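What follows is a set of notes on a single structure, which appears directly below.
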Amino acid sequence: MWGLAARRSLGRRFGWLWAAYAVSAYGSGLGFGALPLIAVLVLDASPAQVSALSAVGPAVGALIALPLGPWVEFHRKRPVMIAMDLARFAVMLTIPIAYALGRLSFVQLLVVSAVVAAAKIAFNAASGAYLKALVRPDDLLVANARFESTTWSSIAVGPPLGGAAVGLFGPVATIVADALSYLLSALGITAIRGREEHPQRTDKHRIRAGELLDGWRHLLSHPGLRALYLNQLLVGGLIMATEPLLAVLLLRELGFPPWQYGLAFAAPCLGGLIGSRLAHRVVARYGQHRILRTVGTLRAIWLIGLAFVQPGVAGLATVIAVELAIIISMSLYNPVLATYRLEHTPKDRIARTLSAWSISSSAAIAILSALGGLLAGATSPRTAITVAGLLILTSPLLLPRRSGPGVVPDRELATARAQPQAAVPREAKYGGRQQLTDAKPRDNSTNWPEPHVRHRGRAADTERLNS
């Protein structure tokens with residue numbers, strides 16, 4: 001039964017949307033690490049500049065995206081998605097043009113990084129809301145699993161092909177490919193037919209400054225979402241913080257050749273296909289809450305294994321095994337989390353909630369990466385990885401402990417947010433708290449995974465949840 005569900009068609013419009021996402025994801029896979037590569041090879045940037053490019057650009061982009069949440073919420077989502085794709089196409093195309101003219105600068109790379117990060121956050125917020133009209137409630141998890149499998153396959157094949165393209169055609173080749181992928185994605189979204197209704201506000205006032213924080217208010221006031229949100233910030237931040245530390249450990253201290261380093265992180269990404277295909281089956285058998293608890297715990301226990309990596313074939317096998325276990329766990333967990341998040345978010349707050357989630361994830365990664373770098377500088381990369389591996393073992397304590405009632409429809413959720421004292425109906429009470437649910441979704445929700453984060457594609461950008 002689950003196999004038929006995973007293979008059945010979700011409709012022509014979803015097919016166009018999935019195709020658009022796949023093109024964008026594979027383009028981003030090809031262009032993975034392209035900006036730091038150009039900074040080093042073309043501009044001879046220092047390590048401090050490369051670190052700034054990886055941290056400052058996304059941080060500034062998150063700040064730019066902050067006021068976009070309410071704006072996206074009350075506009076048609078498909079035009080917003082197309083506009084964000086075209087913005088990324090245009091800004092990324094400036095790099096090969098400047099390179100050809102001999103005018104490329106480090107400041108330009110920072111600006112491009114910030115604009116791409118802001119557009120990505122706005123795009124993901126719009127897509128999460130837009131997809132509610134495309135997928136039936138029973139197909140929600142299937143749709144999320146398909147996006148998840150596409151994400152991991154693009155991470156597995158994209159970077160190796162991108163490296164080959166750079167060797168054959170020069171340092172900006174993958175930037176051109178990535179830019180064109182956004183253009184093709186915009187064309188794919190344009191091909192989706194059907195009328196989209198203009199979002200209706202629940203009040204007649206203009207967007208208020210306080211609405212910028214509505215996404216965080218919803219996340220922190222909902223018991224189940226609050227627990228999953230805080231857990232995801234800690235897990236995603238610690239995993240991504242080990243990326244540069246592990247690169248230094250493997251390449252500099254243990255003497256791994258670059259091809260082994262690439263293999264260690266490309267091959268395990270195929271495990272993402274395993275986890276994403278299992279998601280629908282295990283949820284149908286064991287229930288949503290049990291999977292969030294069990295797999296959410298499993299994904300936290302593997303990271304400490306990287307502290308024991310040694311030189312040679314044994315060390316390479318250790319990295320591949322640890323990465324494979326993490327990726328299988330996360331690719332199973334991510335679509336279930338994405339499904340739960342949209343099921344428990346009212347329709348008029350989806351964009352702001354997803355924006356808040358993405359912005360917080362970017363901030364957590366930046367802060368924990370900076371702290372990890374400081375600790376590695378004061379001690380060693382292996383010590384910093386060990387500390388991250390020990391800290392992540394505490395993350396299951398943040399997961400929700402009990403399952404609860406079925407999903408509340410959008411109308412009731414919106415009313416609950418407007419009237420907190422009457423937010424939870426009688427049947428949704430359990431020990432005085434609203435909890436997670438094993439019930440099937442009752443709203444038409446789904447989510448577009450973030451192609452760059454890839455909670456574990458070794459720094460291929462989190463969020464998916466960012467995901």
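Convention: chains lettered A, B, ... in structure tokens order; per-chain residue numbering from 1; ligands numbered from 1 as shown.
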
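Using only C-alpha atoms, the protein and nucleic acid residues lying no more than 8 Å from Trp357 (chain A), apart from those fewer than 2 places from it along its own chain, are Gly215, Trp216, Tyr229, Thr353, Leu354, Ser355, Ile359, Ser360, Ser361, Leu465 and Asn466 of chain A.
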
Print the selection's residues with N, CA and C atoms to a file, as an mmCIF file, in the first residue's frame.
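Saved as selection18.cif:
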data_model
loop_
_atom_site.group_PDB
_atom_site.id
_atom_site.type_symbol
_atom_site.label_atom_id
_atom_site.label_comp_id
_atom_site.auth_asym_id
_atom_site.auth_seq_id
_atom_site.Cartn_x
_atom_site.Cartn_y
_atom_site.Cartn_z
ATOM 1 N N GLY A 215 5.714 34.948 13.203
ATOM 2 C CA GLY A 215 6.214 33.592 12.971
ATOM 3 C C GLY A 215 6.832 32.999 14.225
ATOM 4 N N TRP A 216 7.648 33.793 14.909
ATOM 5 C CA TRP A 216 8.261 33.311 16.151
ATOM 6 C C TRP A 216 7.216 33.127 17.251
ATOM 7 N N TYR A 229 11.270 22.985 17.061
ATOM 8 C CA TYR A 229 12.020 24.156 16.587
ATOM 9 C C TYR A 229 13.338 24.299 17.350
ATOM 10 N N THR A 353 5.944 32.040 9.459
ATOM 11 C CA THR A 353 6.504 30.964 10.279
ATOM 12 C C THR A 353 7.712 30.331 9.600
ATOM 13 N N LEU A 354 7.608 30.062 8.300
ATOM 14 C CA LEU A 354 8.736 29.479 7.586
ATOM 15 C C LEU A 354 9.909 30.453 7.505
ATOM 16 N N SER A 355 9.617 31.749 7.356
ATOM 17 C CA SER A 355 10.692 32.750 7.355
ATOM 18 C C SER A 355 11.395 32.772 8.704
ATOM 19 N N ILE A 359 15.355 31.993 9.190
ATOM 20 C CA ILE A 359 16.232 33.026 9.744
ATOM 21 C C ILE A 359 16.901 32.529 11.018
ATOM 22 N N SER A 360 16.133 31.871 11.872
ATOM 23 C CA SER A 360 16.697 31.340 13.115
ATOM 24 C C SER A 360 17.747 30.272 12.839
ATOM 25 N N SER A 361 17.491 29.420 11.843
ATOM 26 C CA SER A 361 18.454 28.379 11.500
ATOM 27 C C SER A 361 19.765 28.989 11.016
ATOM 28 N N LEU A 465 15.417 22.373 6.404
ATOM 29 C CA LEU A 465 14.460 22.930 7.340
ATOM 30 C C LEU A 465 15.027 24.156 7.980
ATOM 31 N N ASN A 466 16.017 22.869 6.807
ATOM 32 C CA ASN A 466 16.175 23.786 7.080
ATOM 33 C C ASN A 466 15.994 23.230 7.726
#

Query raised in the report: Where does DSSP see helix (DSSP H, G or I) in region 54-236 of chain A, if you list the residues as a ChimeraX atom specification?
Result: /A:54-65,68-73,77-101,106-133,137-169,173-190,209-221,223-236

Please write the residues from the selection above to a file, keeping C-alpha atoms, as a CSV table (one decimal), in the first residue's frame.
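selection.csv, freshly written:
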chain,number,residue,atom,x,y,z
A,54,SER,CA,30.4,31.9,4.3
A,55,ALA,CA,29.0,33.7,7.3
A,56,VAL,CA,28.4,37.4,6.7
A,57,GLY,CA,26.6,37.0,3.4
A,58,PRO,CA,23.9,34.6,4.7
A,59,ALA,CA,23.6,36.6,7.9
A,60,VAL,CA,23.0,39.8,6.0
A,61,GLY,CA,20.6,38.0,3.8
A,62,ALA,CA,18.6,36.8,6.8
A,63,LEU,CA,18.3,40.4,8.0
A,64,ILE,CA,17.1,41.5,4.6
A,65,ALA,CA,14.5,38.7,4.6
A,68,LEU,CA,9.8,40.1,3.7
A,69,GLY,CA,7.8,37.5,5.7
A,70,PRO,CA,4.6,39.6,6.2
A,71,TRP,CA,4.9,40.9,2.6
A,72,VAL,CA,5.1,37.4,1.2
A,73,GLU,CA,2.2,36.3,3.4
A,77,LYS,CA,2.8,33.0,-3.8
A,78,ARG,CA,3.5,31.9,-7.4
A,79,PRO,CA,4.5,35.4,-8.6
A,80,VAL,CA,6.7,35.8,-5.5
A,81,MET,CA,8.5,32.5,-6.2
A,82,ILE,CA,9.1,33.5,-9.9
A,83,ALA,CA,10.4,36.9,-8.8
A,84,MET,CA,12.8,35.3,-6.3
A,85,ASP,CA,14.1,32.9,-8.9
A,86,LEU,CA,14.6,35.7,-11.4
A,87,ALA,CA,16.4,37.8,-8.8
A,88,ARG,CA,18.8,35.0,-8.1
A,89,PHE,CA,19.4,34.4,-11.8
A,90,ALA,CA,20.1,38.1,-12.4
A,91,VAL,CA,22.4,38.6,-9.4
A,92,MET,CA,24.4,35.4,-10.0
A,93,LEU,CA,24.9,36.3,-13.6
A,94,THR,CA,26.7,39.4,-12.6
A,95,ILE,CA,29.7,37.3,-11.5
A,96,PRO,CA,30.7,35.7,-14.8
A,97,ILE,CA,30.1,39.1,-16.5
A,98,ALA,CA,32.3,40.9,-14.0
A,99,TYR,CA,34.9,38.1,-14.3
A,100,ALA,CA,34.9,38.4,-18.1
A,101,LEU,CA,35.4,42.2,-17.8
A,106,PHE,CA,35.3,40.4,-3.1
A,107,VAL,CA,32.6,43.0,-2.2
A,108,GLN,CA,30.5,41.8,-5.2
A,109,LEU,CA,30.7,38.2,-3.9
A,110,LEU,CA,29.4,39.4,-0.5
A,111,VAL,CA,26.5,41.2,-2.1
A,112,VAL,CA,25.6,38.3,-4.3
A,113,SER,CA,25.8,35.9,-1.3
A,114,ALA,CA,23.4,38.2,0.7
A,115,VAL,CA,20.9,38.6,-2.1
A,116,VAL,CA,20.8,34.9,-2.8
A,117,ALA,CA,20.3,34.1,0.9
A,118,ALA,CA,17.4,36.6,1.2
A,119,ALA,CA,15.7,35.4,-2.0
A,120,LYS,CA,16.0,31.8,-0.8
A,121,ILE,CA,14.3,32.5,2.5
A,122,ALA,CA,11.5,34.5,0.7
A,123,PHE,CA,11.1,31.8,-1.9
A,124,ASN,CA,10.8,29.0,0.6
A,125,ALA,CA,8.3,30.9,2.6
A,126,ALA,CA,6.1,31.5,-0.4
A,127,SER,CA,6.4,27.9,-1.7
A,128,GLY,CA,5.4,26.4,1.6
A,129,ALA,CA,2.2,28.3,1.5
A,130,TYR,CA,1.6,27.8,-2.2
A,131,LEU,CA,1.9,24.0,-2.1
A,132,LYS,CA,-1.2,23.7,0.2
A,133,ALA,CA,-3.4,24.0,-2.9
A,137,PRO,CA,-3.9,15.8,2.7
A,138,ASP,CA,-3.2,12.1,2.3
A,139,ASP,CA,-0.4,12.8,-0.2
A,140,LEU,CA,1.4,15.4,2.0
A,141,LEU,CA,4.1,13.1,3.3
A,142,VAL,CA,4.6,11.5,-0.1
A,143,ALA,CA,5.2,14.9,-1.7
A,144,ASN,CA,7.7,16.0,1.0
A,145,ALA,CA,9.6,12.7,0.6
A,146,ARG,CA,9.9,13.2,-3.1
A,147,PHE,CA,11.4,16.6,-2.6
A,148,GLU,CA,13.8,15.1,0.0
A,149,SER,CA,15.0,12.4,-2.3
A,150,THR,CA,15.6,15.0,-5.0
A,151,THR,CA,17.6,17.1,-2.6
A,152,TRP,CA,20.0,14.3,-1.6
A,153,SER,CA,20.5,13.0,-5.1
A,154,SER,CA,21.4,16.5,-6.3
A,155,ILE,CA,24.0,16.7,-3.4
A,156,ALA,CA,25.4,13.3,-4.3
A,157,VAL,CA,26.0,14.0,-8.0
A,158,GLY,CA,26.2,17.8,-8.2
A,159,PRO,CA,29.5,18.7,-6.4
A,160,PRO,CA,31.6,16.0,-8.2
A,161,LEU,CA,30.3,17.2,-11.6
A,162,GLY,CA,30.7,20.8,-10.6
A,163,GLY,CA,34.4,20.1,-9.7
A,164,ALA,CA,34.9,18.5,-13.1
A,165,ALA,CA,33.2,21.5,-14.8
A,166,VAL,CA,35.5,23.9,-13.1
A,167,GLY,CA,38.5,21.9,-14.2
A,168,LEU,CA,37.4,21.9,-17.8
A,169,PHE,CA,35.7,25.3,-18.3
A,173,ALA,CA,31.3,27.6,-15.1
A,174,THR,CA,29.2,26.3,-12.2
A,175,ILE,CA,28.0,29.8,-11.4
A,176,VAL,CA,26.6,30.1,-14.9
A,177,ALA,CA,24.9,26.7,-14.5
A,178,ASP,CA,23.5,27.6,-11.1
A,179,ALA,CA,22.1,30.9,-12.5
A,180,LEU,CA,20.5,29.2,-15.5
A,181,SER,CA,18.9,26.7,-13.1
A,182,TYR,CA,17.0,29.5,-11.4
A,183,LEU,CA,15.8,30.8,-14.8
A,184,LEU,CA,14.6,27.3,-15.7
A,185,SER,CA,12.9,27.0,-12.3
A,186,ALA,CA,11.0,30.2,-12.9
A,187,LEU,CA,9.9,29.0,-16.3
A,188,GLY,CA,8.7,25.7,-14.7
A,189,ILE,CA,6.7,27.6,-12.1
A,190,THR,CA,5.2,29.8,-14.8
A,209,ALA,CA,5.7,46.1,12.7
A,210,GLY,CA,4.6,43.5,15.3
A,211,GLU,CA,3.7,41.1,12.5
A,212,LEU,CA,7.4,40.7,11.8
A,213,LEU,CA,7.5,38.5,14.9
A,214,ASP,CA,4.3,36.6,14.3
A,215,GLY,CA,6.2,33.6,13.0
A,216,TRP,CA,8.3,33.3,16.2
A,217,ARG,CA,5.2,33.8,18.3
A,218,HIS,CA,3.5,30.9,16.6
A,219,LEU,CA,6.5,28.7,16.9
A,220,LEU,CA,7.1,29.4,20.6
A,221,SER,CA,3.4,29.3,21.7
A,223,PRO,CA,4.1,23.2,22.5
A,224,GLY,CA,4.9,20.7,19.8
A,225,LEU,CA,6.4,23.2,17.3
A,226,ARG,CA,8.4,24.9,20.1
A,227,ALA,CA,10.1,21.6,21.1
A,228,LEU,CA,10.8,20.6,17.5
A,229,TYR,CA,12.0,24.2,16.6
A,230,LEU,CA,14.5,24.4,19.5
A,231,ASN,CA,15.7,20.8,18.8
A,232,GLN,CA,16.3,21.6,15.1
A,233,LEU,CA,18.2,24.8,15.9
A,234,LEU,CA,20.6,22.9,18.1
A,235,VAL,CA,21.0,19.8,15.9
A,236,GLY,CA,21.4,21.7,12.6

Query - Residue contacts of region 193-195 of chain A (10 Å, only C-alpha atoms) excluding same-chain residues fewer than 4 positions away, as a ChimeraX atom specification - result: /A:12-13,16,189

Requested in this report: Give me the residues within 12 Å of Val282 (chain A) as an MDAnalysis selection string, counting only C-alpha atoms and dropping any in the same chain fewer than 2 places off.
Outcome: chainID A and resid 2:3 141:142 275:280 284:292 294:295 332:333 335:336 438

Requested in this report: For Thr318 (chain A), please output as a PyMOL selection string all residues within 12 Å (counting only C-alpha atoms; exclusion window: fewer than 6 positions along the same chain).
Outcome: chain A and resi 250+264-265+268+302-312+324-325

Requested write-out: C-alpha atoms of the selected residues, as a tab-separated table (two decimals), in the first residue's frame:
chain	number	residue	atom	x	y	z
A	250	LEU	CA	40.93	15.61	7.27
A	264	ALA	CA	33.68	10.86	1.98
A	265	PHE	CA	30.83	13.34	1.65
A	268	PRO	CA	26.89	8.85	1.81
A	302	TRP	CA	26.35	9.58	15.23
A	303	LEU	CA	28.25	12.88	15.16
A	304	ILE	CA	30.58	11.92	18.02
A	305	GLY	CA	32.00	9.20	15.77
A	306	LEU	CA	33.85	11.84	13.72
A	307	ALA	CA	36.05	12.56	16.74
A	308	PHE	CA	37.69	9.15	16.29
A	309	VAL	CA	38.70	9.46	12.63
A	310	GLN	CA	42.23	8.24	11.89
A	311	PRO	CA	44.45	8.50	8.78
A	312	GLY	CA	44.19	6.06	5.90
A	324	LEU	CA	25.71	7.61	5.94
A	325	ALA	CA	24.02	7.02	9.30

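CA of Arg382 (chain A) lies 9.4 Å from CA of Val248 (chain A).
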
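Note that CA of Pro67 (chain A) and CA of Gly237 (chain A) are 23.4 Å apart.
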
Query raised in the report: To one decimal place, how far is CA of Leu342 (chain A) from CA of Val135 (chain A) in Å?
Result: 12.4 Å

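For the choices A:Leu238, A:Leu104, A:Leu10, A:Ala20, the atom-to-atom distance to Ala363 (chain A) is smallest for A:Leu238 when using only C-alpha atoms.
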